[in-house]
$ cat input38.csv   # CSV, C-alpha atoms and all ligand atoms
chain,number,residue,atom,x,y,z
I,1,MET,CA,78.6,91.1,101.7
I,2,LYS,CA,77.9,94.8,102.0
I,3,GLU,CA,81.2,96.8,102.2
I,4,PRO,CA,81.8,98.3,105.6
I,5,LYS,CA,82.0,102.1,105.9
I,6,PRO,CA,85.3,103.3,107.4
I,7,ILE,CA,85.1,105.3,110.7
I,8,VAL,CA,88.7,106.4,110.7
I,9,GLU,CA,91.6,106.9,108.2
I,10,ILE,CA,95.3,107.4,108.5
I,11,ALA,CA,96.0,111.0,107.8
I,12,ALA,CA,99.8,110.6,107.7
I,13,THR,CA,102.7,108.4,108.9
I,14,GLY,CA,106.3,108.9,110.0
I,15,ARG,CA,109.2,106.7,111.0
I,16,TRP,CA,112.5,107.0,112.7
I,17,LEU,CA,115.4,104.5,112.5
I,18,PRO,CA,118.8,104.7,114.2
I,19,GLU,CA,121.7,105.4,111.8
I,20,ARG,CA,123.9,102.6,113.1
I,21,VAL,CA,123.7,99.5,110.9
I,22,VAL,CA,124.9,96.2,112.3
I,23,THR,CA,125.3,93.5,109.6
I,24,ASN,CA,125.3,89.7,110.0
I,25,ALA,CA,129.0,89.9,109.3
I,26,ASP,CA,129.4,92.1,112.4
I,27,LEU,CA,127.4,89.6,114.5
I,28,GLU,CA,129.7,86.7,113.3
I,29,LYS,CA,132.5,88.4,115.2
I,30,GLU,CA,130.6,88.3,118.5
I,31,LEU,CA,128.5,85.1,118.3
I,32,ASP,CA,128.7,81.6,117.1
I,33,THR,CA,126.6,82.3,114.0
I,34,SER,CA,127.0,83.0,110.3
I,35,ASP,CA,125.6,85.3,107.7
I,36,ALA,CA,124.4,82.3,105.7
I,37,TRP,CA,122.4,80.8,108.6
I,38,ILE,CA,120.8,84.1,109.5
I,39,ARG,CA,119.8,84.9,105.8
I,40,GLU,CA,118.6,81.4,105.1
I,41,ARG,CA,116.5,81.0,108.3
I,42,THR,CA,115.2,84.5,108.6
I,43,GLY,CA,115.9,86.7,105.6
I,44,ILE,CA,117.6,89.3,107.8
I,45,ARG,CA,120.8,90.9,106.4
I,46,GLU,CA,121.2,93.8,108.8
I,47,ARG,CA,119.5,95.7,111.5
I,48,ARG,CA,119.6,99.2,113.1
I,49,ILE,CA,120.8,99.7,116.7
I,50,ALA,CA,120.0,102.8,118.8
I,51,GLY,CA,122.8,104.2,120.9
I,52,PRO,CA,122.6,104.4,124.7
I,53,GLU,CA,121.6,108.1,124.5
I,54,VAL,CA,118.4,107.1,122.6
I,55,GLY,CA,115.3,105.8,124.4
I,56,ALA,CA,111.9,104.5,123.2
I,57,ALA,CA,110.3,107.9,123.8
I,58,ASP,CA,113.0,109.7,121.8
I,59,MET,CA,112.4,107.4,118.8
I,60,GLY,CA,108.7,107.5,119.0
I,61,ALA,CA,108.6,111.3,119.3
I,62,ARG,CA,110.8,111.7,116.2
I,63,ALA,CA,108.5,109.4,114.2
I,64,ALA,CA,105.4,111.3,115.5
I,65,ARG,CA,106.8,114.7,114.6
I,66,ILE,CA,107.2,113.6,111.0
I,67,ALA,CA,103.7,112.3,110.8
I,68,MET,CA,102.4,115.5,112.4
I,69,LYS,CA,104.3,117.7,110.0
I,70,ARG,CA,103.0,115.8,107.0
I,71,ALA,CA,99.4,116.1,108.2
I,72,GLY,CA,99.8,119.7,109.1
I,73,VAL,CA,98.7,118.9,112.7
I,74,HIS,CA,99.7,120.9,115.8
I,75,ALA,CA,100.5,119.2,119.0
I,76,GLY,CA,97.5,120.9,120.8
I,77,GLU,CA,95.0,119.2,118.4
I,78,ILE,CA,95.9,115.7,119.4
I,79,ASP,CA,93.3,114.0,121.6
I,80,PHE,CA,95.0,110.6,122.2
I,81,ILE,CA,98.5,109.3,122.2
I,82,ILE,CA,98.5,105.6,122.2
I,83,VAL,CA,102.0,104.0,122.4
I,84,ALA,CA,102.5,100.3,121.6
I,85,THR,CA,105.8,99.2,123.0
I,86,ALA,CA,107.4,96.1,124.5
I,87,THR,CA,110.4,98.2,125.5
I,88,PRO,CA,109.2,101.1,127.6
I,89,ASP,CA,111.9,103.5,128.8
I,90,ARG,CA,110.7,102.7,132.3
I,91,LEU,CA,107.7,101.0,133.8
I,92,LEU,CA,106.2,104.1,135.5
I,93,PRO,CA,105.0,106.4,134.1
I,94,SER,CA,104.3,105.4,130.5
I,95,THR,CA,106.4,106.1,127.5
I,96,ALA,CA,103.4,107.8,126.0
I,97,CYS,CA,103.4,110.4,128.7
I,98,ASP,CA,107.1,111.1,128.0
I,99,ILE,CA,106.3,111.5,124.3
I,100,GLN,CA,103.4,113.8,125.2
I,101,ALA,CA,105.8,116.0,127.1
I,102,MET,CA,108.3,116.0,124.3
I,103,LEU,CA,105.7,116.9,121.7
I,104,GLY,CA,103.9,119.4,124.0
I,105,ALA,CA,100.6,117.7,123.2
I,106,THR,CA,99.0,119.1,126.3
I,107,ASN,CA,95.4,118.3,125.4
I,108,ALA,CA,95.9,114.6,124.9
I,109,ALA,CA,95.3,111.5,127.0
I,110,ALA,CA,98.5,109.5,126.7
I,111,TYR,CA,99.0,105.8,127.6
I,112,ASP,CA,100.9,102.7,126.7
I,113,ILE,CA,99.5,99.4,125.6
I,114,SER,CA,101.2,96.0,125.8
I,115,ALA,CA,100.5,93.7,122.9
I,116,ALA,CA,104.1,93.0,121.7
I,117,CYS,CA,104.6,92.7,118.0
I,118,SER,CA,100.8,93.1,117.3
I,119,GLY,CA,100.8,96.4,119.3
I,120,PHE,CA,100.4,98.7,116.3
I,121,LEU,CA,97.2,97.0,115.1
I,122,PHE,CA,95.8,96.7,118.6
I,123,ALA,CA,96.5,100.5,119.1
I,124,MET,CA,94.9,101.3,115.8
I,125,GLU,CA,91.7,99.5,116.8
I,126,ILE,CA,91.7,101.3,120.2
I,127,ALA,CA,92.1,104.7,118.4
I,128,GLU,CA,89.2,103.8,116.1
I,129,GLY,CA,87.1,103.0,119.2
I,130,HIS,CA,87.8,106.4,120.8
I,131,ILE,CA,86.9,108.3,117.7
I,132,ALA,CA,83.9,106.1,116.9
I,133,ALA,CA,82.6,106.8,120.5
I,134,GLY,CA,82.9,110.6,119.8
I,135,ARG,CA,85.5,111.1,122.6
I,136,GLY,CA,87.9,112.9,120.3
I,137,ASP,CA,88.8,113.4,116.6
I,138,LEU,CA,92.6,112.9,116.4
I,139,ALA,CA,94.7,110.0,117.7
I,140,LEU,CA,98.5,109.6,117.4
I,141,VAL,CA,99.3,105.9,117.3
I,142,ILE,CA,103.0,105.2,117.9
I,143,SER,CA,105.0,102.0,118.0
I,144,THR,CA,108.5,102.4,119.3
I,145,GLU,CA,110.9,99.6,120.1
I,146,LYS,CA,114.4,99.5,121.4
I,147,MET,CA,114.5,95.7,121.1
I,148,THR,CA,118.3,95.6,121.4
I,149,GLY,CA,117.9,96.8,125.0
I,150,ILE,CA,116.1,93.6,126.0
I,151,VAL,CA,117.9,91.1,123.8
I,152,ASP,CA,120.3,88.6,125.4
I,153,TRP,CA,123.5,89.2,123.5
I,154,THR,CA,124.9,85.9,124.6
I,155,ASP,CA,122.0,83.9,123.0
I,156,ARG,CA,122.5,83.5,119.3
I,157,SER,CA,119.0,82.1,118.8
I,158,THR,CA,117.5,85.4,119.6
I,159,ALA,CA,120.2,88.1,119.4
I,160,VAL,CA,120.4,87.9,115.6
I,161,LEU,CA,116.7,88.5,115.1
I,162,PHE,CA,115.9,92.0,116.5
I,163,GLY,CA,116.4,95.6,115.7
I,164,ASP,CA,115.4,99.1,116.8
I,165,GLY,CA,113.0,101.6,115.3
I,166,ALA,CA,109.8,103.6,115.5
I,167,GLY,CA,106.7,104.3,113.4
I,168,ALA,CA,103.8,106.6,113.9
I,169,ALA,CA,100.3,107.1,112.3
I,170,LEU,CA,97.9,110.0,112.8
I,171,VAL,CA,94.4,108.6,112.9
I,172,ARG,CA,91.4,110.9,112.2
I,173,ARG,CA,87.7,110.6,111.3
I,174,SER,CA,87.3,109.2,107.8
I,175,SER,CA,86.3,111.3,104.8
I,176,ASN,CA,85.5,110.1,101.2
I,177,GLY,CA,84.9,106.5,102.3
I,178,ARG,CA,88.6,105.8,102.8
I,179,GLY,CA,90.2,104.3,105.8
I,180,VAL,CA,90.0,101.3,108.1
I,181,MET,CA,87.7,98.8,106.4
I,182,SER,CA,88.2,96.0,108.9
I,183,SER,CA,90.2,95.1,111.9
I,184,TYR,CA,90.7,92.0,114.1
I,185,ILE,CA,92.6,91.4,117.3
I,186,ARG,CA,93.1,88.2,119.2
I,187,SER,CA,95.3,86.6,121.9
I,188,ASP,CA,96.0,83.4,123.7
I,189,GLY,CA,97.6,83.8,127.1
I,190,THR,CA,98.1,80.1,127.7
I,191,LEU,CA,101.2,80.2,125.5
I,192,ALA,CA,103.0,83.2,127.1
I,193,GLU,CA,106.1,81.2,128.1
I,194,LEU,CA,107.0,80.5,124.5
I,195,LEU,CA,108.1,84.1,124.0
I,196,TRP,CA,108.7,86.2,127.1
I,197,ARG,CA,110.9,88.0,129.6
I,198,PRO,CA,110.4,85.7,132.7
I,199,ALA,CA,111.4,88.2,135.4
I,200,GLY,CA,112.0,91.8,136.2
I,201,GLY,CA,108.3,92.7,137.0
I,202,VAL,CA,106.6,92.5,140.4
I,203,ARG,CA,106.1,88.7,140.3
I,204,ILE,CA,109.8,87.9,140.1
I,205,PRO,CA,111.6,91.2,140.8
I,206,MET,CA,115.0,92.0,139.6
I,207,ASP,CA,117.7,90.6,141.8
I,208,ALA,CA,121.2,89.1,141.5
I,209,GLY,CA,119.8,85.7,140.6
I,210,VAL,CA,117.6,87.1,137.8
I,211,LEU,CA,120.6,89.0,136.4
I,212,GLU,CA,122.8,85.9,136.5
I,213,ARG,CA,120.1,83.7,134.8
I,214,ARG,CA,119.5,86.5,132.4
I,215,ASP,CA,115.8,86.1,133.1
I,216,HIS,CA,115.1,89.8,132.5
I,217,LEU,CA,115.9,89.3,128.8
I,218,VAL,CA,113.9,87.9,125.9
I,219,LYS,CA,113.6,84.1,125.8
I,220,MET,CA,112.0,82.4,122.8
I,221,ALA,CA,111.2,78.8,121.8
I,222,GLY,CA,111.8,79.7,118.2
I,223,ARG,CA,110.4,76.7,116.4
I,224,GLU,CA,107.2,76.6,118.5
I,225,VAL,CA,106.7,80.3,118.0
I,226,PHE,CA,107.2,79.9,114.2
I,227,LYS,CA,104.5,77.3,114.0
I,228,HIS,CA,102.0,79.4,115.9
I,229,ALA,CA,102.9,82.5,113.9
I,230,VAL,CA,102.1,80.8,110.6
I,231,LYS,CA,98.8,79.5,111.8
I,232,ALA,CA,97.7,82.8,113.6
I,233,MET,CA,98.8,85.1,110.8
I,234,ALA,CA,96.8,83.0,108.3
I,235,ASP,CA,93.7,83.2,110.6
I,236,ALA,CA,94.3,87.0,111.0
I,237,ALA,CA,94.7,87.6,107.2
I,238,ASP,CA,91.5,85.6,106.6
I,239,GLN,CA,89.5,87.5,109.3
I,240,ALA,CA,90.5,91.0,108.0
I,241,LEU,CA,89.6,90.0,104.4
I,242,VAL,CA,86.2,88.5,105.3
I,243,ARG,CA,85.3,91.5,107.6
I,244,ALA,CA,86.2,93.9,104.8
I,245,GLY,CA,84.2,91.8,102.2
I,246,LEU,CA,87.3,91.3,100.2
I,247,THR,CA,89.6,88.5,98.9
I,248,GLY,CA,93.3,88.3,98.4
I,249,ASP,CA,92.8,89.4,94.8
I,250,ASP,CA,91.5,92.8,96.0
I,251,ILE,CA,94.7,93.5,98.0
I,252,ASP,CA,97.1,95.9,96.4
I,253,LEU,CA,99.8,95.8,99.1
I,254,PHE,CA,100.3,93.3,101.9
I,255,ILE,CA,102.3,94.5,104.9
I,256,PRO,CA,103.0,91.6,107.2
I,257,HIS,CA,104.8,91.7,110.6
I,258,GLN,CA,108.5,91.4,109.7
I,259,ALA,CA,109.9,88.6,111.9
I,260,ASN,CA,111.0,86.0,109.4
I,261,MET,CA,110.9,85.8,105.6
I,262,ARG,CA,109.6,82.2,105.7
I,263,ILE,CA,106.6,83.2,107.9
I,264,ILE,CA,105.9,86.1,105.5
I,265,GLU,CA,105.9,83.8,102.5
I,266,ALA,CA,103.6,81.2,104.2
I,267,THR,CA,101.1,83.9,105.1
I,268,ALA,CA,101.1,85.5,101.6
I,269,LYS,CA,100.6,82.0,100.1
I,270,PHE,CA,97.7,81.3,102.4
I,271,ALA,CA,96.0,84.7,101.6
I,272,LYS,CA,96.7,84.1,97.9
I,273,ILE,CA,98.6,87.3,97.5
I,274,PRO,CA,101.7,87.2,95.1
I,275,MET,CA,105.0,88.1,96.6
I,276,SER,CA,105.2,91.1,94.2
I,277,LYS,CA,102.4,92.6,96.4
I,278,VAL,CA,104.1,92.0,99.7
I,279,TYR,CA,106.2,94.7,101.3
I,280,ILE,CA,109.5,93.4,102.8
I,281,ASN,CA,112.0,95.2,104.9
I,282,VAL,CA,113.0,92.4,107.4
I,283,ASP,CA,116.2,92.1,105.4
I,284,ARG,CA,117.2,95.7,106.3
I,285,TYR,CA,115.8,96.1,109.9
I,286,GLY,CA,115.2,92.6,111.4
I,287,ASN,CA,112.3,92.2,113.8
I,288,MET,CA,111.4,95.6,115.4
I,289,SER,CA,108.4,94.1,117.2
I,290,SER,CA,105.4,96.4,116.9
I,291,ALA,CA,107.3,99.0,114.9
I,292,THR,CA,107.7,96.8,111.8
I,293,ILE,CA,104.3,97.5,110.4
I,294,PRO,CA,104.1,101.3,110.7
I,295,VAL,CA,107.7,101.6,109.5
I,296,ALA,CA,106.9,99.5,106.5
I,297,LEU,CA,103.7,101.4,105.8
I,298,ASP,CA,105.6,104.7,105.9
I,299,GLU,CA,108.3,103.4,103.5
I,300,ALA,CA,105.7,102.0,101.2
I,301,LEU,CA,103.8,105.3,101.0
I,302,GLU,CA,107.1,107.2,100.4
I,303,GLN,CA,108.0,104.8,97.6
I,304,GLY,CA,104.6,105.3,96.0
I,305,ARG,CA,103.7,101.7,96.4
I,306,ILE,CA,100.3,102.7,97.8
I,307,GLY,CA,98.0,105.0,95.8
I,308,PRO,CA,94.5,106.4,96.2
I,309,GLY,CA,91.8,103.7,96.4
I,310,ASP,CA,94.4,100.9,97.1
I,311,ASN,CA,93.5,98.2,99.7
I,312,VAL,CA,96.3,97.5,102.2
I,313,LEU,CA,96.3,94.4,104.3
I,314,MET,CA,98.3,94.4,107.5
I,315,VAL,CA,98.8,91.3,109.7
I,316,ALA,CA,100.8,90.8,112.9
I,317,PHE,CA,101.7,88.2,115.4
I,318,GLY,CA,103.7,88.4,118.7
I,319,ALA,CA,104.3,87.5,122.3
I,320,GLY,CA,101.2,86.8,124.4
I,321,PHE,CA,100.5,85.3,122.0
I,322,THR,CA,98.7,88.2,120.3
I,323,TRP,CA,97.7,88.4,116.7
I,324,ALA,CA,95.9,91.1,114.7
I,325,SER,CA,95.0,92.3,111.2
I,326,SER,CA,93.4,95.2,109.3
I,327,VAL,CA,92.5,96.3,105.8
I,328,VAL,CA,92.9,100.0,105.1
I,329,ARG,CA,91.7,101.6,101.9
I,330,TRP,CA,93.8,104.6,100.8
K,401,LIG,O1,108.0,88.7,116.4
K,401,LIG,C1,107.4,87.8,117.2
K,401,LIG,C2,107.3,86.5,116.6
K,401,LIG,N1,108.6,85.8,116.5
K,401,LIG,C3,108.7,85.0,115.4
K,401,LIG,O2,107.9,85.0,114.6
K,401,LIG,C4,110.0,84.2,115.4
K,401,LIG,C5,109.6,82.8,115.0
K,401,LIG,N2,110.7,81.8,114.9
K,401,LIG,C6,111.6,81.9,113.9
K,401,LIG,O3,111.6,82.8,113.1
K,401,LIG,C7,112.6,80.8,113.8
K,401,LIG,O4,112.2,79.7,114.6
K,401,LIG,C8,114.1,81.2,114.2
K,401,LIG,C9,114.6,82.0,113.1
K,401,LIG,C10,114.1,81.8,115.5
K,401,LIG,C11,114.9,79.9,114.2
K,401,LIG,O5,114.9,79.2,113.0
K,401,LIG,P1,114.6,77.6,113.0
K,401,LIG,O6,114.7,77.2,111.6
K,401,LIG,O7,113.3,77.4,113.7
K,401,LIG,O8,115.8,77.1,113.8
K,401,LIG,P2,115.9,76.3,115.2
K,401,LIG,O9,115.6,77.1,116.3
K,401,LIG,O10,115.1,75.0,115.1
K,401,LIG,O11,117.4,75.9,115.3
K,401,LIG,C12,118.0,75.1,114.2
K,401,LIG,C13,119.5,75.0,114.5
K,401,LIG,C14,119.8,74.6,116.0
K,401,LIG,O12,120.9,73.8,116.0
K,401,LIG,P3,120.8,72.2,116.0
K,401,LIG,O13,120.1,71.9,117.3
K,401,LIG,O14,120.0,71.8,114.9
K,401,LIG,O15,122.2,71.7,116.0
K,401,LIG,C15,120.2,75.9,116.6
K,401,LIG,O16,121.1,75.7,117.7
K,401,LIG,O17,120.1,76.3,114.3
K,401,LIG,C16,120.9,76.6,115.5
K,401,LIG,N3,120.9,78.1,115.6
K,401,LIG,C17,121.8,78.9,115.0
K,401,LIG,N4,122.9,78.6,114.3
K,401,LIG,C18,123.6,79.6,113.8
K,401,LIG,C19,120.0,78.9,116.3
K,401,LIG,N5,120.3,80.2,116.1
K,401,LIG,C20,121.4,80.2,115.3
K,401,LIG,C21,122.2,81.2,114.9
K,401,LIG,N6,123.3,80.9,114.1
K,401,LIG,N7,122.0,82.5,115.1

$ encode --input "input38.csv" --output "structure tokens" --more "lines below"
Ligand code: UT7
Amino acid sequence: MKEPKPIVEIAATGRWLPERVVTNADLEKELDTSDAWIRERTGIRERRIAGPEVGAADMGARAARIAMKRAGVHAGEIDFIIVATATPDRLLPSTACDIQAMLGATNAAAYDISAACSGFLFAMEIAEGHIAAGRGDLALVISTEKMTGIVDWTDRSTAVLFGDGAGAALVRRSSNGRGVMSSYIRSDGTLAELLWRPAGGVRIPMDAGVLERRDHLVKMAGREVFKHAVKAMADAADQALVRAGLTGDDIDLFIPHQANMRIIEATAKFAKIPMSKVYINVDRYGNMSSATIPVALDEALEQGRIGPGDNVLMVAFGAGFTWASSVVRW
């Protein structure tokens, strides 16, 4: 198969994580759980938690400023701000508009997208579409998640899994044949109720009953979600590789969504990528929904784990269900 020609590349990345670390031992004091259970079933050792003074827009703007500084980009040059978040600061207007105001990116069109944990890769594909269509040259793609704000702290089956953080990527027209080689986005809305917040929108508005049932918080059928995640991430890995005309052997670094170590291992095995080429930070941050991939990408770049010419495979899965993948050549 002929190699695709990238339309866009990632000019720079940034991340922001709250300072406060909450370990499994800390959670043992609040919930009927154990460090051993959490580590064995998920691989998580600790997570970051943002304080009440920090919102999704604050975190996203901080990650974005780092990416902008690294790329030498001024706020006025940005054409699009696309924010993937499952935890907007409020429902109207968008978190992206708040970030636009914080950055002073007055020439941009800013909006949020809702694709849960797959949001970063969905937003990357949207940014590519805008630039391919000639509607602009520079897009800021941000994933910012204050998951601890929507977690039910009385439910041990979900409370131990999530953390807060934000990642950003500046996307521009490709030069030198580097950039996004392939991307793939999918969803299956028939399975929404396996991972959702049942109430708090217009269908079932917030009232005393909702609060009492805690239906405004995350509910997950963990084992079911696990099975679908393994299958969908294998499909997504395969699609991104085929569309890029590559195999697992050609991948220098694999960055999977960081929800559960066992899902990561199963996906790597399916894609025939050794664990030495898999970037892991679920142990330090837990599941930060859409922010896991850009935060991991930013860390991997900082650590020199990605060099010029390297092929990076990214694969995500989340509520919706949604799943997505991409191969980016550095
Ligand atoms: O990012 C979006 C996508 N999300 C995911 O990919 C998450 C997918 N799911 C998972 O990662 C896993 O299903 C979990 C980590 C959520 C759960 O692991 P599991 O191996 O599927 O456990 P389970 O839900 O089947 O529960 C096994 C047992 C249950 O007890 P019994 O019924 O066997 O007595 C649970 O009550 O573990 C119990 N349990 C816990 N025990 C201690 C559930 N949560 C905990 C806990 N501490 N925190």

$ atom_distance --input "input38.csv" --atom1 "atom CA of I:Ala63" --atom2 "atom CA of I:Ala108"
17.3 Å

$ closest_residue --input "input38.csv" --among "I:Lys277, I:Lys269, I:Lys227, I:Arg243" --to "ligand LIG 401 (chain K)" --atoms "all atoms listed in the file"
I:Lys227

$ closest_atom_pairs --input "input38.csv" --of "chain I" --to "ligand LIG 401 (chain K)" --cutoff "7 Å" --atoms "only C-alpha atoms and all ligand atoms" --output "CSV"
residue,atom,partner,partner_atom,distance
I:Asp32,CA,K:LIG401,N6,6.2
I:Thr33,CA,K:LIG401,N6,3.6
I:Ser34,CA,K:LIG401,N6,5.7
I:Trp37,CA,K:LIG401,C18,5.5
I:Ile38,CA,K:LIG401,N7,5.9
I:Arg41,CA,K:LIG401,C9,5.3
I:Thr42,CA,K:LIG401,C9,5.2
I:Cys117,CA,K:LIG401,O1,5.5
I:Arg156,CA,K:LIG401,N7,4.3
I:Ser157,CA,K:LIG401,N5,3.5
I:Thr158,CA,K:LIG401,C10,6.4
I:Val160,CA,K:LIG401,N7,5.7
I:Gly222,CA,K:LIG401,O4,3.6
I:Arg223,CA,K:LIG401,O4,3.9
I:Val225,CA,K:LIG401,C5,4.9
I:Phe226,CA,K:LIG401,C5,3.8
I:Ala229,CA,K:LIG401,O2,5.6
I:Ala259,CA,K:LIG401,O1,4.9
I:Asn260,CA,K:LIG401,O3,4.9
I:Asn287,CA,K:LIG401,O1,6.1
I:Ser289,CA,K:LIG401,O1,5.5
I:Phe317,CA,K:LIG401,C2,6.0
I:Gly318,CA,K:LIG401,C1,4.0
I:Ala319,CA,K:LIG401,C1,6.0

$ closest_residue --input "input38.csv" --among "I:Val230, I:Val282, I:Ile293, I:Ile273" --to "I:His257" --atoms "only C-alpha atoms"
I:Ile293

$ atom_distance --input "input38.csv" --atom1 "atom CA of I:Asp152" --atom2 "atom CA of I:Pro205"
17.9 Å

$ closest_residue --input "input38.csv" --among "I:Arg213, I:Ile10, I:Val141, I:Leu241" --to "I:Ala127" --atoms "only C-alpha atoms"
I:Val141

$ residues_around --input "input38.csv" --residues "I:Trp16" --least-positions-apart "5" --cutoff "8 Å" --atoms "all atoms listed in the file" --output "number ranges by chain"
I: 59-60, 62-63, 165-167, 295

$ closest_residue --input "input38.csv" --among "I:Glu9, I:Asp249, I:Asp58, I:Asp155" --to "I:Glu128" --atoms "all atoms listed in the file"
I:Glu9

$ residues_near_point --input "input38.csv" --point "(109.3, 101.5, 102.8)" --cutoff "12 Å" --atoms "all atoms listed in the file" --output "PyMOL selection string"
chain I and resi 13-17+167+253+255+278-285+292-306

$ write_last_selection --input "input38.csv" --atoms "C-alpha atoms" --output "PDB file, keeping the file's coordinate frame"
ATOM      1  CA  THR I  13     102.700 108.400 108.900  1.00  0.00           C
ATOM      2  CA  GLY I  14     106.300 108.900 110.000  1.00  0.00           C
ATOM      3  CA  ARG I  15     109.200 106.700 111.000  1.00  0.00           C
ATOM      4  CA  TRP I  16     112.500 107.000 112.700  1.00  0.00           C
ATOM      5  CA  LEU I  17     115.400 104.500 112.500  1.00  0.00           C
ATOM      6  CA  GLY I 167     106.700 104.300 113.400  1.00  0.00           C
ATOM      7  CA  LEU I 253      99.800  95.800  99.100  1.00  0.00           C
ATOM      8  CA  ILE I 255     102.300  94.500 104.900  1.00  0.00           C
ATOM      9  CA  VAL I 278     104.100  92.000  99.700  1.00  0.00           C
ATOM     10  CA  TYR I 279     106.200  94.700 101.300  1.00  0.00           C
ATOM     11  CA  ILE I 280     109.500  93.400 102.800  1.00  0.00           C
ATOM     12  CA  ASN I 281     112.000  95.200 104.900  1.00  0.00           C
ATOM     13  CA  VAL I 282     113.000  92.400 107.400  1.00  0.00           C
ATOM     14  CA  ASP I 283     116.200  92.100 105.400  1.00  0.00           C
ATOM     15  CA  ARG I 284     117.200  95.700 106.300  1.00  0.00           C
ATOM     16  CA  TYR I 285     115.800  96.100 109.900  1.00  0.00           C
ATOM     17  CA  THR I 292     107.700  96.800 111.800  1.00  0.00           C
ATOM     18  CA  ILE I 293     104.300  97.500 110.400  1.00  0.00           C
ATOM     19  CA  PRO I 294     104.100 101.300 110.700  1.00  0.00           C
ATOM     20  CA  VAL I 295     107.700 101.600 109.500  1.00  0.00           C
ATOM     21  CA  ALA I 296     106.900  99.500 106.500  1.00  0.00           C
ATOM     22  CA  LEU I 297     103.700 101.400 105.800  1.00  0.00           C
ATOM     23  CA  ASP I 298     105.600 104.700 105.900  1.00  0.00           C
ATOM     24  CA  GLU I 299     108.300 103.400 103.500  1.00  0.00           C
ATOM     25  CA  ALA I 300     105.700 102.000 101.200  1.00  0.00           C
ATOM     26  CA  LEU I 301     103.800 105.300 101.000  1.00  0.00           C
ATOM     27  CA  GLU I 302     107.100 107.200 100.400  1.00  0.00           C
ATOM     28  CA  GLN I 303     108.000 104.800  97.600  1.00  0.00           C
ATOM     29  CA  GLY I 304     104.600 105.300  96.000  1.00  0.00           C
ATOM     30  CA  ARG I 305     103.700 101.700  96.400  1.00  0.00           C
ATOM     31  CA  ILE I 306     100.300 102.700  97.800  1.00  0.00           C
TER      32      ILE I 306
END

$ atom_distance --input "input38.csv" --atom1 "atom CA of I:Leu194" --atom2 "atom CA of I:His228"
10.0 Å

$ closest_residue --input "input38.csv" --among "I:Ala192, I:Ile264, I:Leu103, I:Met233" --to "I:Ala115" --atoms "all atoms listed in the file"
I:Ala192

$ residues_around --input "input38.csv" --residues "I:Arg172" --least-positions-apart "6" --cutoff "6 Å" --atoms "all atoms listed in the file" --output "list of chain:residue names"
I:Val8, I:Glu9, I:Asp137, I:Leu138

$ axis_aligned_box --input "input38.csv" --around "stretch 183-194 of chain I" --padding-each-side "5 Å" --output "lines of an AutoDock Vina configuration file"
center_x = 98.6
center_y = 87.6
center_z = 120.0
size_x = 26.8
size_y = 25.0
size_z = 26.2
